[in-house]
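Student: For reference, this is data09.txt, and it has compact mmCIF, C-alpha atoms and all ligand atoms.
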```
# COMPACT_ATOMS: atom_id res chain seq x y z
CA MET A 1 25.91 -4.82 -6.96
CA PRO A 2 24.82 -5.51 -10.56
CA ARG A 3 23.47 -2.90 -12.94
CA ARG A 4 20.64 -0.81 -11.50
CA SER A 5 17.21 -2.36 -11.95
CA PHE A 6 15.24 0.81 -11.28
CA ARG A 7 14.94 4.48 -12.04
CA VAL A 8 13.66 7.50 -10.12
CA GLY A 9 10.37 8.73 -11.55
CA ARG A 10 7.15 10.56 -10.78
CA SER A 11 4.85 8.85 -8.33
CA ARG A 12 1.60 9.71 -6.59
CA THR A 13 3.49 11.36 -3.75
CA GLY A 14 6.29 13.08 -5.66
CA LEU A 15 9.20 10.92 -6.68
CA GLY A 16 9.49 7.18 -6.42
CA LEU A 17 11.49 4.18 -7.55
CA PHE A 18 10.31 2.21 -10.54
CA ALA A 19 11.57 -1.11 -11.83
CA THR A 20 13.20 -0.89 -15.27
CA ARG A 21 13.43 -4.65 -15.70
CA PRO A 22 11.99 -7.73 -14.03
CA ILE A 23 13.30 -8.09 -10.50
CA ARG A 24 13.39 -11.52 -9.00
CA LYS A 25 11.98 -12.26 -5.55
CA ARG A 26 14.64 -11.71 -2.86
CA ALA A 27 16.95 -9.87 -5.27
CA ARG A 28 18.96 -7.01 -3.78
CA ILE A 29 17.70 -3.79 -5.33
CA ALA A 30 19.65 -0.98 -3.70
CA GLU A 31 21.55 0.14 -0.67
CA TYR A 32 20.21 2.88 1.60
CA LYS A 33 23.41 4.91 1.76
CA GLY A 34 24.50 7.78 3.94
CA ARG A 35 26.56 9.01 6.83
CA LEU A 36 26.49 6.95 9.97
CA LEU A 37 25.24 9.04 12.89
CA THR A 38 25.14 8.27 16.57
CA THR A 39 21.67 8.23 18.09
CA LYS A 40 22.37 11.58 19.73
CA ALA A 41 23.45 13.22 16.47
CA ALA A 42 20.47 11.68 14.67
CA GLU A 43 18.04 13.12 17.23
CA LYS A 44 19.52 16.57 16.60
CA VAL A 45 19.05 16.47 12.83
CA GLU A 46 15.61 14.89 13.23
CA VAL A 47 14.46 17.91 15.23
CA ARG A 48 15.63 20.05 12.32
CA GLY A 49 13.30 18.14 10.01
CA ASN A 50 15.50 15.45 8.49
CA ARG A 51 13.12 12.83 7.12
CA TYR A 52 15.74 10.47 5.73
CA LEU A 53 16.97 8.88 8.90
CA TYR A 54 17.15 5.13 9.06
CA GLU A 55 17.64 3.80 12.56
CA ILE A 56 19.86 0.73 12.45
CA ASN A 57 19.87 0.01 16.17
CA SER A 58 19.86 1.82 19.49
CA ARG A 59 23.32 3.28 18.75
CA TRP A 60 23.44 4.03 15.04
CA THR A 61 21.33 5.76 12.41
CA ILE A 62 22.00 6.30 8.71
CA ASP A 63 21.44 9.81 7.39
CA GLY A 64 20.19 9.07 3.88
CA THR A 65 19.80 12.72 2.85
CA PRO A 66 22.30 12.82 -0.06
CA ARG A 67 20.58 12.72 -3.44
CA SER A 68 23.08 10.10 -4.50
CA ASN A 69 21.27 7.80 -2.09
CA LEU A 70 18.64 6.76 -4.61
CA ALA A 71 17.05 4.41 -2.08
CA ARG A 72 15.70 7.47 -0.28
CA TYR A 73 13.20 7.90 -3.15
CA GLY A 74 11.57 4.59 -2.30
CA ASN A 75 8.06 5.34 -1.05
CA HIS A 76 6.21 3.76 1.81
CA SER A 77 3.50 1.21 1.22
CA CYS A 78 1.33 -0.73 3.64
CA ASN A 79 1.47 -3.56 1.09
CA PRO A 80 5.05 -3.27 -0.16
CA ASN A 81 6.88 -5.33 -2.76
CA ALA A 82 10.28 -4.75 -1.14
CA GLU A 83 11.76 -4.59 2.33
CA THR A 84 14.83 -3.19 4.01
CA THR A 85 17.30 -5.46 5.71
CA ILE A 86 20.13 -4.43 7.98
CA VAL A 87 23.43 -6.18 7.36
CA LYS A 88 25.92 -5.09 9.98
CA ARG A 89 25.70 -1.30 9.75
CA ARG A 90 24.42 -1.21 6.19
CA VAL A 91 20.86 -1.21 4.93
CA PHE A 92 19.77 -2.94 1.72
CA ILE A 93 16.47 -3.07 -0.09
CA TYR A 94 15.39 -6.53 -1.21
CA ALA A 95 12.45 -7.61 -3.36
CA LEU A 96 9.76 -9.33 -1.31
CA ARG A 97 8.27 -10.79 -4.46
CA ALA A 98 8.83 -10.68 -8.21
CA ILE A 99 8.52 -7.10 -9.48
CA LYS A 100 7.52 -6.25 -13.04
CA PRO A 101 9.12 -3.49 -15.12
CA GLY A 102 7.31 -0.19 -14.54
CA GLU A 103 6.05 -1.24 -11.11
CA GLU A 104 6.80 1.13 -8.28
CA ILE A 105 9.20 -0.27 -5.71
CA THR A 106 7.96 0.36 -2.18
CA TYR A 107 8.79 -0.71 1.31
CA ASP A 108 7.14 -0.43 4.67
CA TYR A 109 8.53 2.49 6.68
CA GLY A 110 7.12 1.03 9.87
CA VAL A 111 4.22 1.84 12.14
CA ASP A 112 5.90 4.80 13.87
CA TYR A 113 6.59 6.59 10.62
CA LEU A 114 3.11 5.86 9.30
CA LYS A 115 1.46 7.13 12.47
CA ASN A 116 3.67 10.12 13.25
CA VAL A 117 4.93 11.39 9.90
CA ILE A 118 2.53 10.29 7.17
CA GLY A 119 -0.58 9.96 9.29
CA ARG A 120 -2.70 6.83 8.89
CA SER A 121 -5.48 8.62 7.05
CA ASN A 122 -3.03 10.36 4.69
CA CYS A 123 -1.22 7.31 3.39
CA LYS A 124 -1.30 7.31 -0.41
CA CYS A 125 -0.06 3.79 -0.98
CA GLY A 126 -2.03 1.58 -3.35
CA ARG A 127 -3.67 -0.39 -0.58
CA CYS A 128 -4.84 2.68 1.35
CA MET A 129 -6.08 4.42 -1.81
CA ARG A 130 -8.05 1.31 -2.78
CA ARG A 131 -9.43 0.95 0.72
CA ARG A 132 -10.52 4.59 0.78
CA ALA A 133 -12.09 4.31 -2.70
CA LYS A 134 -13.97 1.20 -1.59
CA ARG A 135 -15.24 2.94 1.53
CA ALA A 136 -16.40 5.92 -0.54
CA ARG A 137 -18.21 3.57 -2.94
CA GLU A 138 -19.90 1.81 -0.03
CA ARG A 139 -20.93 5.15 1.48
CA ARG A 140 -22.45 6.25 -1.82
CA ALA A 141 -24.30 2.92 -2.22
CA LEU A 142 -25.63 3.23 1.32
CA GLN A 143 -26.86 6.76 0.65
CA LYS A 144 -28.55 5.57 -2.52
CA ARG A 145 -30.30 2.73 -0.66
CA ARG A 146 -31.40 5.14 2.06
CA ALA A 147 -32.73 7.60 -0.50
CA ALA A 148 -34.57 4.80 -2.31
CA ARG A 149 -36.07 3.60 0.98
CA LEU A 150 -37.22 7.11 1.82
CA ALA A 151 -38.72 7.60 -1.63
CA GLY A 152 -40.57 4.28 -1.26
CA LYS A 153 -41.93 5.32 2.11
CA ARG A 154 -43.15 8.61 0.67
CA ARG A 155 -44.75 6.82 -2.27
CA ARG A 156 -46.54 4.38 0.04
CA ALA A 157 -47.67 7.24 2.27
CA ARG A 158 -49.08 9.09 -0.71
CA ARG A 159 -50.89 5.98 -1.93
CA ALA A 160 -52.31 5.38 1.55
CA SER A 161 -53.63 8.92 1.84
CA LYS A 162 -55.14 8.69 -1.66
CA SER A 163 -57.01 5.47 -0.87
CA LYS A 164 -58.24 7.03 2.38
CA ALA A 165 -59.58 10.03 0.42
CA LYS A 166 -61.49 7.66 -1.89
CA ARG A 167 -63.31 6.04 0.95
ZN ZN B 201 -0.93 2.78 3.17
```
Turn this file's structure into structure tokens for me.
Tutor:
Amino acid sequence: MPRRSFRVGRSRTGLGLFATRPIRKRARIAEYKGRLLTTKAAEKVEVRGNRYLYEINSRWTIDGTPRSNLARYGNHSCNPNAETTIVKRRVFIYALRAIKPGEEITYDYGVDYLKNVIGRSNCKCGRCMRRRAKRARERRALQKRRAARLAGKRRRARRASKSKAKR
């Protein structure tokens, strides 16, 4: 593999991978490295809280716990710019599109992980944060419209009672 094209740095959720130079679409970025475990052995360490397991197939799982496995710092995104690909019993991270220097490198951990480990409403990826911000903006706008409508109603009611009093 050529010189590393990323570094480990601070991200929204702790640490993450960040491009240090332009990465071309489909370029191989890193290998998700670790011990090869049988499914049975993987289930045992999973119960103990290992969050760095990458299931290759029904028989084998990679234990990516070692800190030397820099790929483990890659965060999940629902709109990722990279993806993992299994080649025999190895896992590589490839760019899904061109990545600019400084951009965080993310890949999709899959629906199971999102649902069971992160929790759909806790995902801090760019897309989910934007979606939540948009929803909050819409909620605020709706409240404003409702408040304005109420104020208008009150104003009209006051005017109506005033004109009645004149008569
Ligand atoms: Zn997300």
Student: I'd like the interatomic distance between CA of Ala30 in chain A and CA of Glu55 in chain A, to a tenth of an Å.
Tutor: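 Result for CA of Ala30 in chain A versus CA of Glu55 in chain A: 17.1 Å, one decimal.
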Student: Ligand ZN 201 (chain B): which residues are within 9 Å, counting all atoms listed in the file? Reply as a ChimeraX atom specification.
Tutor: /A:76-79,108,114,120-129
Student: Go through A:Ala133, A:Ile93, A:Val111, A:Val117 and flag the residue nearest Arg26 in chain A, using all atoms listed in the file for the distances.
Tutor: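 Checking each of A:Ala133, A:Ile93, A:Val111, A:Val117 against Arg26 in chain A, counting all atoms listed in the file, the winner is A:Ile93.
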Student: List every protein, DNA or RNA residue with an atom no more than 8 Å from (8.1, -8.0, -8.0) in the file's coordinates, counting only C-alpha atoms, and format the result as a PyMOL selection string.
Tutor: chain A and resi 22-25+81-82+95-100+103
Student: Write out as a PyMOL selection string each polymer residue whose atoms come within 6 Å of Tyr52 in chain A, counting only C-alpha atoms; drop sequence neighbours fewer than 5 positions from it.
Tutor: chain A and resi 63-65
Student: With C-alpha atoms retained, export the selected residues as a compact mmCIF listing (two decimals), in the frame of the given file.
Tutor:
```txt
# COMPACT_ATOMS: atom_id res chain seq x y z
CA ASP A 63 21.44 9.81 7.39
CA GLY A 64 20.19 9.07 3.88
CA THR A 65 19.80 12.72 2.85
```
Student: Mind giving me the straight-line distance from CA of Thr84 in chain A to CA of Lys33 in chain A in Å, one decimal?
Tutor: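 Interatomic distance, CA of Thr84 in chain A to CA of Lys33 in chain A: 12.0 Å.
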